[in-house]
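One structure is given here, and the rest of the page talks about it.
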Amino acid sequence: MFFNRYRRGLFITSFLAAPVILYLVYVIAPYIQAFYIAMTDWRGVTATPRFIGLDNFVRLFNDTVFWKAVTHNAALLVLLPLITIVIALFFAFLLNVGGAQGVTGIRGSKFYRVVFFFPQVLAVAVVAVLFQQVFRPDASGMLNGPLMALGLGPVGFLSDTDIAFWSVLGVMVWQAVGFYVVLFSAGLASIPKDMFEAAQIDGASRVSLFFRITLPLLWDTVQTAWVYLGILALDVFAIVWVMTLQHGGPDRSTTVMAAEIYRNAFEHFRFGYASALGVVMFFFTVGFAILSLRLSRRERIEY
Amino acid sequence: MTTMISWTAANSRKIARDERKRRLGPLGVLTHVALLIWTLLVMVPILWTFLASVKSEDEIFGDAWSLPAMLRWDNFARAWEQAHIGQYMLNSVIVVSFSTFGTMLIGSMAAYVLARYPFRGNRAIYLLFVSGLAFPVYLALTPLFFVVQNMGTIPVVGPYIGLNTHAGVVLVYIAYSMPFTIFFLSAFFRTLPTAVGEAAMVDGASHTRVFFQIMLPMARPGIISITIFNVLGQWNQYQLPLILLQERDKWVLTMGIADISTAAGYDQDWSALFAALTLAILPMLIVYTVFQRQIQSGLTSGALK
């Protein structure tokens with residue numbers, strides 16, 4: 001008996017040792033250190049950090065660039081989930097219950113699902129370079145070419161401070177929609193067909209079919225999607241860093257928290273200050289996660 | 001009598017179906033138009049890039065929609081050789097094969113123990129792993145850079161796992177993939193029946209053997225899903241290698257692609273850029289199309305848990 005307990009303990013330890021050690025060294029330790037570094041004036045790779053308390057946070061409060069970045073993240077937090085979910089729900093509905101009888105999928109729905117998902121398998125950095133070319137400011141751009149031929153262009157998709165942010169949002173939606181079409185389709189597939197048939201026999205139109213049946217039964221999945229897209233909006237980095245001019249420009253009109261943290265840490269080597277920005281970002285993200293967990297605790301519809 | 005009833009049932013069903021068809025109207029065409037528009041939005045930028053990859057420099061700077069006078073396949077040779085896309089792709093393959101294998105091996109071991117063996121501290125360890133899901137990686141970037149740098153000073157193994165080493169990146173990828181892998185797989189292990197494993201234990205199999213020969217094969221669907229998730233996630237990673245790999249010959253594909261465009265100047269080889277983009281995109285689309293069913297379910301099942 002004792003021998004068995006010993007063997008069990010040895011097994012547990014040997015299986016957990018590697019993952020726990022790796023996780024502590026590479027994930028937990030850096031996060032903890034970051035909170036300390038945030039309270040130092042550490043600059044440069046060789047300099048010795050000096051403890052300065054909350055000075056970085058005081059400075060951060062007056063950092064207009066950082067708050068500009070925060071407002072961009074906030075705007076993305078609202079717009080990215082909203083637009084992506086509306087488009088994805090619309091397509092998922094069409095693909096799965098848009099058929100002639102209102103309860104079946106339409107012809108070719110598999111093809112559409114495959115194509116819509118394409119952008120999802122591409123690296124964000126690759127998509128960023130791709131759209132940098134699509135958005136070229138002259139007739140050689142995929143969009144500006146036709147626009148100028150029509151006498152409408154050129155539009156400064158990435159060079160106009162009023163437009164660049166929307167270009168970033170557009171590309172993010174472009175990449176995300178396919179994933180959520182598939183996600184919502186999977187959700188729809190688990191709703192029994194009788195629900196739709198019964199509603200239609202009772203005289204439901206396509207619109208009420210969507211709002212009265214599809215949406216309530218899919219609500220759980222929609223909430224999950226909202227949280228995922230929210231995190232994506234708060235975490236955005238590569239698309240801004242690679243695609244936009246001056247890494248978040250022009251004139252910081254597209255910059256986001258992650259880009260400012262990276263710029264401060266690895267271009268200006270202000271490690272202390274960058275970590276302070278990171279701490280603020282940490283609280284925004286964890287705050288969002290807790291908030292969405294709280295809000296999503298509603299009764300589930302069982303079917 | 002029974003045939004009579006089934007006939008009436010079938011008939012009334014047909015009537016109901018016709019009635020429904022009438023009420024819903026000919027929306028089919030509009031539906032296809034909407035779907036076709038999004039198909040074009042997705043495909044046109046990608047196909048446009050493919051087209052530009054066989055154009056000459058002058059054609060790329062000319063009208064965006066002109067067709068190439070001749071197909072310049074040499075763009076691909078230049079992208080592969082001079083822009084080092086071949087090297088970067090090889091680096092990506094090396095890093096991702098090791099990191100995904102490592103992630104799956106130790107991630108499934110941890111998930112299994114945490115899901116199936118109650119012991120003091122089990123819950124705390126599980127929560128420690130899962131809480132990592134909510135942390136933004138950007139907070140850890142600076143300290144992580146120095147952690148990896150310090151790893152490089154460890155005697156004997158140091159030079160292999162410090163900055164600018166693939167093994168160093170592999171270890172970091174594994175560590176940062178733990179939260180989701182453990183979260184997903186421990187939920188999966190909890191749903192599996194216990195009887196088979198217990199029977200094997202009675203027959204004298206060790207805990208380790210039960211895991212590798214019974215539980216792991218039983219968890220196959222979950223393992224496949226999360227493997228796909230990790231392969232894609234690690235293949236597409238850009239932020240972590242950006243701080244950990246500064247030497248060009250160590251770069252992964254995403255860094256190589258991003259660099260060709262951010263380092264853009266007038267001496268830039270634009271046609272090679274498009275060829276490089278094509279080389280990064282096309283294999284992904286082909287692999288995805290072949291495994292699309294597994295990939296779609298692999299990526300979305302994580303979200304539905």
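The way I read the labels, and the way they are meant: chains A, B, ... in the order of the structure tokens, residue 1 as the first residue of every chain, and ligand 1 as the first ligand shown, with later ones counted on from there.
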Exercise. Could you list the residues in chain B lying within 7 Å of chain A, using only C-alpha atoms, and format the result as number ranges by chain?
Key: B: 17, 20-21, 24, 28, 31, 39, 42, 45, 60-64, 106-107, 109-110, 113, 134-136, 138-140, 142-144, 172, 175-176, 207, 232, 236, 238, 254, 257-258, 261-262, 277, 281, 284-285, 292, 300, 303-304
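If you count only C-alpha atoms and ignore residues fewer than 4 places along the chain from Asn73 of chain A, what sits within 10 Å of it is Trp67, Lys68, Ala69, Leu77, Val78, Leu79, Leu80, Gly230, Leu232, Ala233, Leu234, Asp235, Val236, Thr254, Thr255, Val256, Met257 and Ala258 of chain A.
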Self-check item: Exercise: Phe146 of chain B partners within 10 Å, only C-alpha atoms, chain neighbours under 4 positions left out, as a PyMOL selection string
Solution: (chain A and resi 30+45) or (chain B and resi 141-142+150-152+162-163+244)
Would you write out those residues with C-alpha atoms, as a compact mmCIF listing (two decimals), in the first residue's frame?
# COMPACT_ATOMS: atom_id res chain seq x y z
CA PRO A 30 8.79 37.20 -16.32
CA VAL A 45 20.78 46.84 -21.72
CA LEU B 141 8.42 40.70 -23.16
CA THR B 142 11.22 42.62 -21.46
CA ASN B 150 20.52 34.51 -18.86
CA MET B 151 19.74 30.99 -20.01
CA GLY B 152 22.55 31.49 -22.50
CA GLY B 162 20.08 31.37 -25.12
CA LEU B 163 19.15 34.25 -27.41
CA LEU B 244 14.43 36.37 -29.30
Quiz item: Out of segment 16-85 of chain A, which residues get helix (DSSP H, G or I) from DSSP, as number ranges by chain?
Solution: A: 16-37, 55-61, 64-85
What would the file look like if the residues just selected were written as a PDB file, in the first residue's frame with C-alpha atoms?
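The new file result_9.pdb reads:
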ATOM      1  CA  LEU A  16       4.339  17.590 -13.853  1.00  0.00           C
ATOM      2  CA  ALA A  17       7.988  18.514 -13.369  1.00  0.00           C
ATOM      3  CA  ALA A  18       8.861  19.552 -16.919  1.00  0.00           C
ATOM      4  CA  PRO A  19       5.717  21.582 -17.728  1.00  0.00           C
ATOM      5  CA  VAL A  20       5.663  23.303 -14.347  1.00  0.00           C
ATOM      6  CA  ILE A  21       9.352  24.238 -14.433  1.00  0.00           C
ATOM      7  CA  LEU A  22       9.173  25.533 -18.014  1.00  0.00           C
ATOM      8  CA  TYR A  23       6.036  27.493 -17.207  1.00  0.00           C
ATOM      9  CA  LEU A  24       7.501  29.025 -14.051  1.00  0.00           C
ATOM     10  CA  VAL A  25      10.765  29.999 -15.736  1.00  0.00           C
ATOM     11  CA  TYR A  26       9.436  31.375 -19.005  1.00  0.00           C
ATOM     12  CA  VAL A  27       5.951  32.632 -18.129  1.00  0.00           C
ATOM     13  CA  ILE A  28       5.313  33.236 -14.443  1.00  0.00           C
ATOM     14  CA  ALA A  29       8.763  34.591 -13.516  1.00  0.00           C
ATOM     15  CA  PRO A  30       8.790  37.198 -16.317  1.00  0.00           C
ATOM     16  CA  TYR A  31       5.296  38.404 -15.377  1.00  0.00           C
ATOM     17  CA  ILE A  32       6.305  38.836 -11.744  1.00  0.00           C
ATOM     18  CA  GLN A  33       9.570  40.545 -12.666  1.00  0.00           C
ATOM     19  CA  ALA A  34       7.685  42.897 -14.968  1.00  0.00           C
ATOM     20  CA  PHE A  35       5.746  44.322 -12.021  1.00  0.00           C
ATOM     21  CA  TYR A  36       9.016  45.138 -10.282  1.00  0.00           C
ATOM     22  CA  ILE A  37      10.754  46.485 -13.394  1.00  0.00           C
ATOM     23  CA  ASP A  55       7.063  57.587 -11.072  1.00  0.00           C
ATOM     24  CA  ASN A  56       6.591  55.675 -14.321  1.00  0.00           C
ATOM     25  CA  PHE A  57       2.870  55.531 -13.741  1.00  0.00           C
ATOM     26  CA  VAL A  58       2.685  59.259 -13.049  1.00  0.00           C
ATOM     27  CA  ARG A  59       4.550  59.908 -16.268  1.00  0.00           C
ATOM     28  CA  LEU A  60       2.332  57.485 -18.120  1.00  0.00           C
ATOM     29  CA  PHE A  61      -0.766  59.439 -17.127  1.00  0.00           C
ATOM     30  CA  THR A  64      -0.647  61.450 -24.830  1.00  0.00           C
ATOM     31  CA  VAL A  65       0.710  58.851 -27.256  1.00  0.00           C
ATOM     32  CA  PHE A  66      -0.065  56.010 -24.879  1.00  0.00           C
ATOM     33  CA  TRP A  67      -3.600  57.242 -24.248  1.00  0.00           C
ATOM     34  CA  LYS A  68      -4.069  57.605 -27.967  1.00  0.00           C
ATOM     35  CA  ALA A  69      -3.082  53.946 -28.204  1.00  0.00           C
ATOM     36  CA  VAL A  70      -5.567  53.071 -25.455  1.00  0.00           C
ATOM     37  CA  THR A  71      -8.408  54.812 -27.288  1.00  0.00           C
ATOM     38  CA  HIS A  72      -7.552  52.877 -30.431  1.00  0.00           C
ATOM     39  CA  ASN A  73      -7.669  49.620 -28.494  1.00  0.00           C
ATOM     40  CA  ALA A  74     -10.963  50.701 -26.936  1.00  0.00           C
ATOM     41  CA  ALA A  75     -12.431  51.535 -30.341  1.00  0.00           C
ATOM     42  CA  LEU A  76     -11.299  48.146 -31.651  1.00  0.00           C
ATOM     43  CA  LEU A  77     -12.737  46.471 -28.561  1.00  0.00           C
ATOM     44  CA  VAL A  78     -16.183  47.766 -29.478  1.00  0.00           C
ATOM     45  CA  LEU A  79     -16.061  47.711 -33.265  1.00  0.00           C
ATOM     46  CA  LEU A  80     -14.137  44.534 -34.070  1.00  0.00           C
ATOM     47  CA  PRO A  81     -16.487  42.138 -32.215  1.00  0.00           C
ATOM     48  CA  LEU A  82     -19.596  44.019 -33.306  1.00  0.00           C
ATOM     49  CA  ILE A  83     -18.821  44.093 -37.034  1.00  0.00           C
ATOM     50  CA  THR A  84     -17.268  40.628 -37.173  1.00  0.00           C
ATOM     51  CA  ILE A  85     -20.110  38.957 -35.294  1.00  0.00           C
TER      52      ILE A  85
END
Quiz item: Do you have the atom CA of Leu128 of chain B-atom CA of Gln239 of chain B distance handy?
Solution: 23.0 Å
Quiz item: What lies within 7 Å of Ser271 of chain B using only C-alpha atoms, ignoring chain neighbours under 3 positions off, as an MDAnalysis selection string?
Solution: chainID B and resid 53 55:57 75 274:275
